[in-house]
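Okay, structure-v5.cif now, which holds mmCIF, N, CA and C atoms:
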```cif
data_target
#
loop_
_atom_site.label_atom_id
_atom_site.label_comp_id
_atom_site.auth_asym_id
_atom_site.auth_seq_id
_atom_site.Cartn_x
_atom_site.Cartn_y
_atom_site.Cartn_z
N VAL A 1 0.83 -1.19 0.00
CA VAL A 1 0.00 0.00 0.00
C VAL A 1 0.87 1.25 0.00
N GLY A 2 1.95 1.22 0.82
CA GLY A 2 2.86 2.36 0.87
C GLY A 2 3.48 2.65 -0.49
N ALA A 3 3.88 1.58 -1.20
CA ALA A 3 4.47 1.76 -2.53
C ALA A 3 3.45 2.33 -3.51
N SER A 4 2.21 1.88 -3.42
CA SER A 4 1.19 2.39 -4.34
C SER A 4 0.90 3.88 -4.10
N LEU A 5 1.17 4.35 -2.88
CA LEU A 5 1.01 5.77 -2.57
C LEU A 5 2.31 6.55 -2.78
N ASN A 6 3.35 5.85 -3.24
CA ASN A 6 4.66 6.43 -3.46
C ASN A 6 5.23 7.05 -2.18
N LEU A 7 5.05 6.33 -1.07
CA LEU A 7 5.60 6.75 0.22
C LEU A 7 6.78 5.84 0.56
N ALA A 8 7.86 6.45 0.99
CA ALA A 8 9.07 5.69 1.30
C ALA A 8 8.88 4.86 2.57
N PRO A 9 9.31 3.59 2.54
CA PRO A 9 9.20 2.74 3.73
C PRO A 9 10.37 2.98 4.70
N SER A 10 10.31 4.09 5.40
CA SER A 10 11.40 4.46 6.30
C SER A 10 10.84 4.83 7.67
N ARG A 11 11.30 4.17 8.70
CA ARG A 11 10.86 4.49 10.06
C ARG A 11 11.22 5.93 10.41
N GLU A 12 12.37 6.40 9.95
CA GLU A 12 12.82 7.76 10.25
C GLU A 12 11.90 8.81 9.64
N LEU A 13 11.39 8.54 8.43
CA LEU A 13 10.49 9.50 7.78
C LEU A 13 9.10 9.46 8.39
N GLY A 14 8.67 8.31 8.87
CA GLY A 14 7.38 8.20 9.53
C GLY A 14 6.18 8.34 8.62
N TYR A 15 6.35 8.01 7.33
CA TYR A 15 5.22 8.11 6.41
C TYR A 15 4.18 7.03 6.64
N PHE A 16 4.65 5.81 6.96
CA PHE A 16 3.71 4.74 7.29
C PHE A 16 4.43 3.70 8.13
N TYR A 17 3.62 2.85 8.74
CA TYR A 17 4.14 1.80 9.61
C TYR A 17 3.43 0.50 9.29
N ILE A 18 4.10 -0.61 9.53
CA ILE A 18 3.48 -1.93 9.44
C ILE A 18 3.30 -2.38 10.89
N ILE A 19 2.04 -2.50 11.30
CA ILE A 19 1.70 -2.80 12.69
C ILE A 19 1.23 -4.25 12.79
N PRO A 20 1.88 -5.04 13.66
CA PRO A 20 1.43 -6.43 13.83
C PRO A 20 0.18 -6.50 14.72
N TYR A 21 -0.81 -7.24 14.25
CA TYR A 21 -2.03 -7.52 15.01
C TYR A 21 -2.26 -9.02 14.96
N GLY A 22 -1.94 -9.70 16.04
CA GLY A 22 -2.08 -11.15 16.05
C GLY A 22 -1.15 -11.77 15.03
N ASN A 23 -1.71 -12.55 14.10
CA ASN A 23 -0.92 -13.21 13.06
C ASN A 23 -0.87 -12.40 11.77
N LYS A 24 -1.36 -11.16 11.79
CA LYS A 24 -1.42 -10.34 10.59
C LYS A 24 -0.62 -9.05 10.80
N ALA A 25 -0.30 -8.42 9.69
CA ALA A 25 0.33 -7.11 9.71
C ALA A 25 -0.60 -6.14 9.00
N GLN A 26 -0.69 -4.92 9.54
CA GLN A 26 -1.61 -3.94 8.97
C GLN A 26 -0.86 -2.67 8.60
N PHE A 27 -1.14 -2.14 7.44
CA PHE A 27 -0.59 -0.86 6.99
C PHE A 27 -1.24 0.25 7.80
N GLN A 28 -0.42 1.16 8.32
CA GLN A 28 -0.95 2.31 9.07
C GLN A 28 -0.21 3.55 8.58
N ILE A 29 -0.92 4.44 7.91
CA ILE A 29 -0.28 5.67 7.45
C ILE A 29 -0.03 6.57 8.66
N GLY A 30 1.12 7.21 8.68
CA GLY A 30 1.47 8.14 9.74
C GLY A 30 1.03 9.55 9.38
N TYR A 31 1.05 10.45 10.34
CA TYR A 31 0.61 11.81 10.05
C TYR A 31 1.54 12.48 9.03
N LYS A 32 2.82 12.12 9.03
CA LYS A 32 3.74 12.68 8.04
C LYS A 32 3.41 12.18 6.64
N GLY A 33 2.90 10.96 6.53
CA GLY A 33 2.44 10.44 5.25
C GLY A 33 1.21 11.19 4.75
N LEU A 34 0.30 11.50 5.67
CA LEU A 34 -0.88 12.28 5.29
C LEU A 34 -0.47 13.67 4.81
N ILE A 35 0.52 14.26 5.48
CA ILE A 35 1.01 15.58 5.06
C ILE A 35 1.61 15.48 3.66
N GLN A 36 2.41 14.43 3.40
CA GLN A 36 2.99 14.25 2.07
C GLN A 36 1.91 14.17 1.00
N LEU A 37 0.87 13.40 1.25
CA LEU A 37 -0.21 13.26 0.27
C LEU A 37 -0.93 14.60 0.06
N ALA A 38 -1.12 15.35 1.12
CA ALA A 38 -1.77 16.66 1.00
C ALA A 38 -0.92 17.62 0.19
N ILE A 39 0.38 17.65 0.47
CA ILE A 39 1.29 18.56 -0.25
C ILE A 39 1.28 18.25 -1.74
N ARG A 40 1.23 16.98 -2.08
CA ARG A 40 1.26 16.58 -3.49
C ARG A 40 0.07 17.08 -4.30
N THR A 41 -1.03 17.41 -3.63
CA THR A 41 -2.19 17.93 -4.35
C THR A 41 -1.93 19.32 -4.92
N GLY A 42 -0.98 20.05 -4.32
CA GLY A 42 -0.70 21.41 -4.76
C GLY A 42 -1.77 22.41 -4.36
N GLN A 43 -2.66 22.03 -3.45
CA GLN A 43 -3.78 22.88 -3.07
C GLN A 43 -3.60 23.60 -1.72
N TYR A 44 -2.54 23.28 -1.00
CA TYR A 44 -2.38 23.80 0.36
C TYR A 44 -1.44 24.99 0.41
N LYS A 45 -1.90 26.05 1.05
CA LYS A 45 -1.06 27.22 1.31
C LYS A 45 -0.36 27.05 2.65
N HIS A 46 -1.10 26.58 3.66
CA HIS A 46 -0.57 26.33 5.00
C HIS A 46 -1.15 25.01 5.51
N LEU A 47 -0.33 24.28 6.27
CA LEU A 47 -0.76 23.02 6.87
C LEU A 47 0.12 22.79 8.08
N ASN A 48 -0.48 22.72 9.28
CA ASN A 48 0.35 22.59 10.48
C ASN A 48 -0.43 21.95 11.62
N VAL A 49 0.33 21.28 12.49
CA VAL A 49 -0.18 20.71 13.73
C VAL A 49 0.83 21.07 14.80
N ILE A 50 0.36 21.44 15.99
CA ILE A 50 1.27 21.82 17.06
C ILE A 50 0.71 21.39 18.41
N GLU A 51 1.62 20.99 19.30
CA GLU A 51 1.23 20.74 20.69
C GLU A 51 0.96 22.09 21.34
N VAL A 52 -0.09 22.15 22.14
CA VAL A 52 -0.39 23.37 22.89
C VAL A 52 0.04 23.14 24.33
N LYS A 53 0.89 24.02 24.80
CA LYS A 53 1.42 23.91 26.15
C LYS A 53 0.56 24.72 27.12
N GLN A 54 0.70 24.40 28.39
CA GLN A 54 -0.07 25.06 29.46
C GLN A 54 0.06 26.58 29.34
N ASP A 55 -1.07 27.27 29.39
CA ASP A 55 -1.18 28.74 29.35
C ASP A 55 -0.88 29.37 27.99
N GLU A 56 -0.67 28.59 26.94
CA GLU A 56 -0.41 29.19 25.62
C GLU A 56 -1.69 29.61 24.91
N MET A 57 -2.77 28.86 25.09
CA MET A 57 -4.02 29.20 24.41
C MET A 57 -4.73 30.29 25.19
N LYS A 58 -4.95 31.40 24.53
CA LYS A 58 -5.64 32.51 25.16
C LYS A 58 -7.13 32.51 24.81
N PHE A 59 -7.46 32.03 23.61
CA PHE A 59 -8.85 32.06 23.15
C PHE A 59 -9.03 31.08 22.01
N TYR A 60 -10.11 30.30 22.04
CA TYR A 60 -10.49 29.45 20.92
C TYR A 60 -12.00 29.30 20.90
N ASN A 61 -12.62 29.71 19.81
CA ASN A 61 -14.06 29.59 19.63
C ASN A 61 -14.32 28.45 18.64
N GLN A 62 -14.90 27.36 19.13
CA GLN A 62 -15.14 26.19 18.28
C GLN A 62 -16.11 26.49 17.15
N LEU A 63 -17.05 27.39 17.38
CA LEU A 63 -18.06 27.67 16.37
C LEU A 63 -17.48 28.48 15.21
N THR A 64 -16.77 29.55 15.52
CA THR A 64 -16.21 30.41 14.47
C THR A 64 -14.78 30.04 14.09
N GLU A 65 -14.16 29.18 14.87
CA GLU A 65 -12.79 28.74 14.68
C GLU A 65 -11.79 29.90 14.79
N GLU A 66 -12.16 30.93 15.52
CA GLU A 66 -11.23 32.01 15.82
C GLU A 66 -10.36 31.57 16.99
N PHE A 67 -9.11 31.99 16.98
CA PHE A 67 -8.19 31.57 18.03
C PHE A 67 -7.14 32.63 18.30
N GLU A 68 -6.55 32.52 19.48
CA GLU A 68 -5.42 33.37 19.84
C GLU A 68 -4.49 32.57 20.74
N PHE A 69 -3.22 32.57 20.38
CA PHE A 69 -2.20 31.85 21.14
C PHE A 69 -1.09 32.83 21.51
N SER A 70 -0.41 32.51 22.57
CA SER A 70 0.83 33.19 22.94
C SER A 70 1.83 32.07 23.23
N LEU A 71 2.55 31.66 22.18
CA LEU A 71 3.44 30.51 22.28
C LEU A 71 4.69 30.84 23.09
N ILE A 72 5.15 29.87 23.84
CA ILE A 72 6.40 30.00 24.59
C ILE A 72 7.54 29.98 23.57
N GLU A 73 8.34 31.02 23.54
CA GLU A 73 9.36 31.15 22.51
C GLU A 73 10.63 30.36 22.80
N ASP A 74 10.99 30.21 24.05
CA ASP A 74 12.21 29.49 24.41
C ASP A 74 11.96 27.99 24.24
N PRO A 75 12.66 27.32 23.29
CA PRO A 75 12.42 25.90 23.03
C PRO A 75 12.62 25.00 24.25
N GLU A 76 13.61 25.29 25.07
CA GLU A 76 13.85 24.47 26.26
C GLU A 76 12.74 24.63 27.28
N GLU A 77 12.30 25.86 27.49
CA GLU A 77 11.19 26.11 28.43
C GLU A 77 9.90 25.48 27.90
N ARG A 78 9.69 25.60 26.60
CA ARG A 78 8.47 25.03 26.00
C ARG A 78 8.45 23.52 26.14
N GLU A 79 9.60 22.88 25.97
CA GLU A 79 9.69 21.42 26.09
C GLU A 79 9.34 20.96 27.50
N LYS A 80 9.73 21.73 28.50
CA LYS A 80 9.48 21.37 29.90
C LYS A 80 8.03 21.61 30.33
N THR A 81 7.33 22.48 29.62
CA THR A 81 5.96 22.86 29.99
C THR A 81 4.98 21.75 29.59
N PRO A 82 4.06 21.39 30.48
CA PRO A 82 3.10 20.32 30.18
C PRO A 82 2.25 20.61 28.94
N THR A 83 2.03 19.58 28.14
CA THR A 83 1.14 19.67 26.99
C THR A 83 -0.30 19.53 27.47
N VAL A 84 -1.17 20.45 27.03
CA VAL A 84 -2.57 20.40 27.43
C VAL A 84 -3.51 20.11 26.26
N GLY A 85 -2.98 20.17 25.03
CA GLY A 85 -3.84 19.92 23.88
C GLY A 85 -3.07 19.95 22.58
N TYR A 86 -3.83 19.87 21.48
CA TYR A 86 -3.24 19.82 20.14
C TYR A 86 -4.08 20.67 19.22
N PHE A 87 -3.42 21.46 18.39
CA PHE A 87 -4.09 22.36 17.46
C PHE A 87 -3.64 22.02 16.05
N ALA A 88 -4.60 21.92 15.14
CA ALA A 88 -4.30 21.65 13.74
C ALA A 88 -5.02 22.67 12.87
N MET A 89 -4.38 23.03 11.77
CA MET A 89 -5.02 23.97 10.84
C MET A 89 -4.51 23.75 9.44
N PHE A 90 -5.33 24.13 8.47
CA PHE A 90 -4.86 24.20 7.09
C PHE A 90 -5.58 25.33 6.38
N GLU A 91 -4.92 25.83 5.36
CA GLU A 91 -5.51 26.84 4.47
C GLU A 91 -5.21 26.41 3.05
N LEU A 92 -6.26 26.36 2.24
CA LEU A 92 -6.09 26.02 0.84
C LEU A 92 -5.76 27.28 0.03
N LEU A 93 -5.25 27.09 -1.16
CA LEU A 93 -4.92 28.22 -2.03
C LEU A 93 -6.14 29.06 -2.37
N ASN A 94 -7.34 28.43 -2.36
CA ASN A 94 -8.55 29.18 -2.68
C ASN A 94 -9.08 29.97 -1.48
N GLY A 95 -8.38 29.91 -0.33
CA GLY A 95 -8.77 30.69 0.85
C GLY A 95 -9.53 29.92 1.90
N PHE A 96 -10.00 28.71 1.60
CA PHE A 96 -10.72 27.92 2.60
C PHE A 96 -9.77 27.54 3.72
N THR A 97 -10.22 27.73 4.97
CA THR A 97 -9.40 27.36 6.12
C THR A 97 -10.20 26.47 7.06
N LYS A 98 -9.49 25.67 7.82
CA LYS A 98 -10.10 24.79 8.82
C LYS A 98 -9.13 24.69 9.98
N THR A 99 -9.68 24.82 11.20
CA THR A 99 -8.88 24.65 12.41
C THR A 99 -9.61 23.70 13.35
N VAL A 100 -8.84 23.06 14.21
CA VAL A 100 -9.43 22.21 15.23
C VAL A 100 -8.49 22.17 16.43
N TYR A 101 -9.10 22.15 17.61
CA TYR A 101 -8.33 22.02 18.85
C TYR A 101 -8.93 20.89 19.65
N TRP A 102 -8.08 19.98 20.12
CA TRP A 102 -8.50 18.90 21.03
C TRP A 102 -7.65 18.99 22.27
N THR A 103 -8.30 18.84 23.42
CA THR A 103 -7.55 18.75 24.66
C THR A 103 -6.77 17.44 24.67
N LYS A 104 -5.77 17.38 25.52
CA LYS A 104 -4.99 16.14 25.65
C LYS A 104 -5.89 15.00 26.11
N ALA A 105 -6.82 15.29 27.03
CA ALA A 105 -7.74 14.26 27.52
C ALA A 105 -8.63 13.73 26.38
N LYS A 106 -9.11 14.63 25.51
CA LYS A 106 -9.95 14.19 24.39
C LYS A 106 -9.14 13.33 23.42
N MET A 107 -7.89 13.71 23.17
CA MET A 107 -7.03 12.94 22.28
C MET A 107 -6.77 11.55 22.85
N GLU A 108 -6.49 11.47 24.15
CA GLU A 108 -6.22 10.17 24.77
C GLU A 108 -7.47 9.30 24.79
N ALA A 109 -8.64 9.90 25.03
CA ALA A 109 -9.89 9.13 25.01
C ALA A 109 -10.16 8.59 23.60
N HIS A 110 -9.89 9.40 22.58
CA HIS A 110 -10.07 8.96 21.20
C HIS A 110 -9.14 7.79 20.88
N ALA A 111 -7.88 7.91 21.29
CA ALA A 111 -6.91 6.83 21.06
C ALA A 111 -7.34 5.56 21.76
N LYS A 112 -7.79 5.69 22.99
CA LYS A 112 -8.21 4.52 23.76
C LYS A 112 -9.43 3.83 23.11
N LYS A 113 -10.34 4.64 22.60
CA LYS A 113 -11.56 4.10 22.00
C LYS A 113 -11.29 3.41 20.66
N TYR A 114 -10.41 3.98 19.83
CA TYR A 114 -10.25 3.49 18.48
C TYR A 114 -8.97 2.68 18.22
N SER A 115 -8.01 2.70 19.12
CA SER A 115 -6.78 1.94 18.92
C SER A 115 -7.04 0.47 19.11
N GLN A 116 -6.46 -0.36 18.25
CA GLN A 116 -6.60 -1.80 18.37
C GLN A 116 -5.61 -2.40 19.36
N SER A 117 -4.67 -1.58 19.82
CA SER A 117 -3.65 -2.13 20.74
C SER A 117 -4.12 -2.12 22.17
#
```
Output the file's structure as structure tokens, nothing else.
Amino acid sequence: VGASLNLAPSRELGYFYIIPYGNKAQFQIGYKGLIQLAIRTGQYKHLNVIEVKQDEMKFYNQLTEEFEFSLIEDPEEREKTPTVGYFAMFELLNGFTKTVYWTKAKMEAHAKKYSQS
């Protein structure tokens, strides 16, 4: 499947993984693989995902998708600060944008519900 999508089979690149489940192996595309496929469309102006650290999010309206962040600039300080959520966004060349924010608890609950492991 990875070859048919022209994704390199490299653990370091993280485009996809072969996950063992019992006596079978399952193809699992990684988020970097999804980004590669999106970039290849030529339709994206911006595409990003970021961990949100404690006290960085100042405002997020789920209905209008308006947001305000004050990111910790010092990389070492940011690394030490607890992660409280995850923010993803994209903007297409035609101007369409989409944002989403999930708390860390929501992300973990989703993983627990849908992960086969």
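For the choices A:Thr97, A:Gln54, A:Asn61, A:Thr41, the atom-to-atom distance to Arg78 in chain A is smallest for A:Gln54 when using only C-alpha atoms.
CA of Tyr31 in chain A is positioned 13.2 Å from atom N of Leu7 in chain A.
Note that the spacing between atom N of Lys113 in chain A and atom N of Pro20 in chain A amounts to 18.0 Å.
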### Message
I'd like the contact shell of Gln62 in chain A - 8 Å cut-off, all atoms listed in the file, skipping same-chain residues fewer than 3 positions apart - returned as a ChimeraX atom specification.
### Response
/A:59,65-67,99-101
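Against the coordinates shown, the PyMOL selection byres ((chain A and resi 69-71) around 7) returns Asp55, Glu56, Met57, Lys58, Phe59, Phe67, Glu68, Ile72, Glu73 and Asp74 of chain A.
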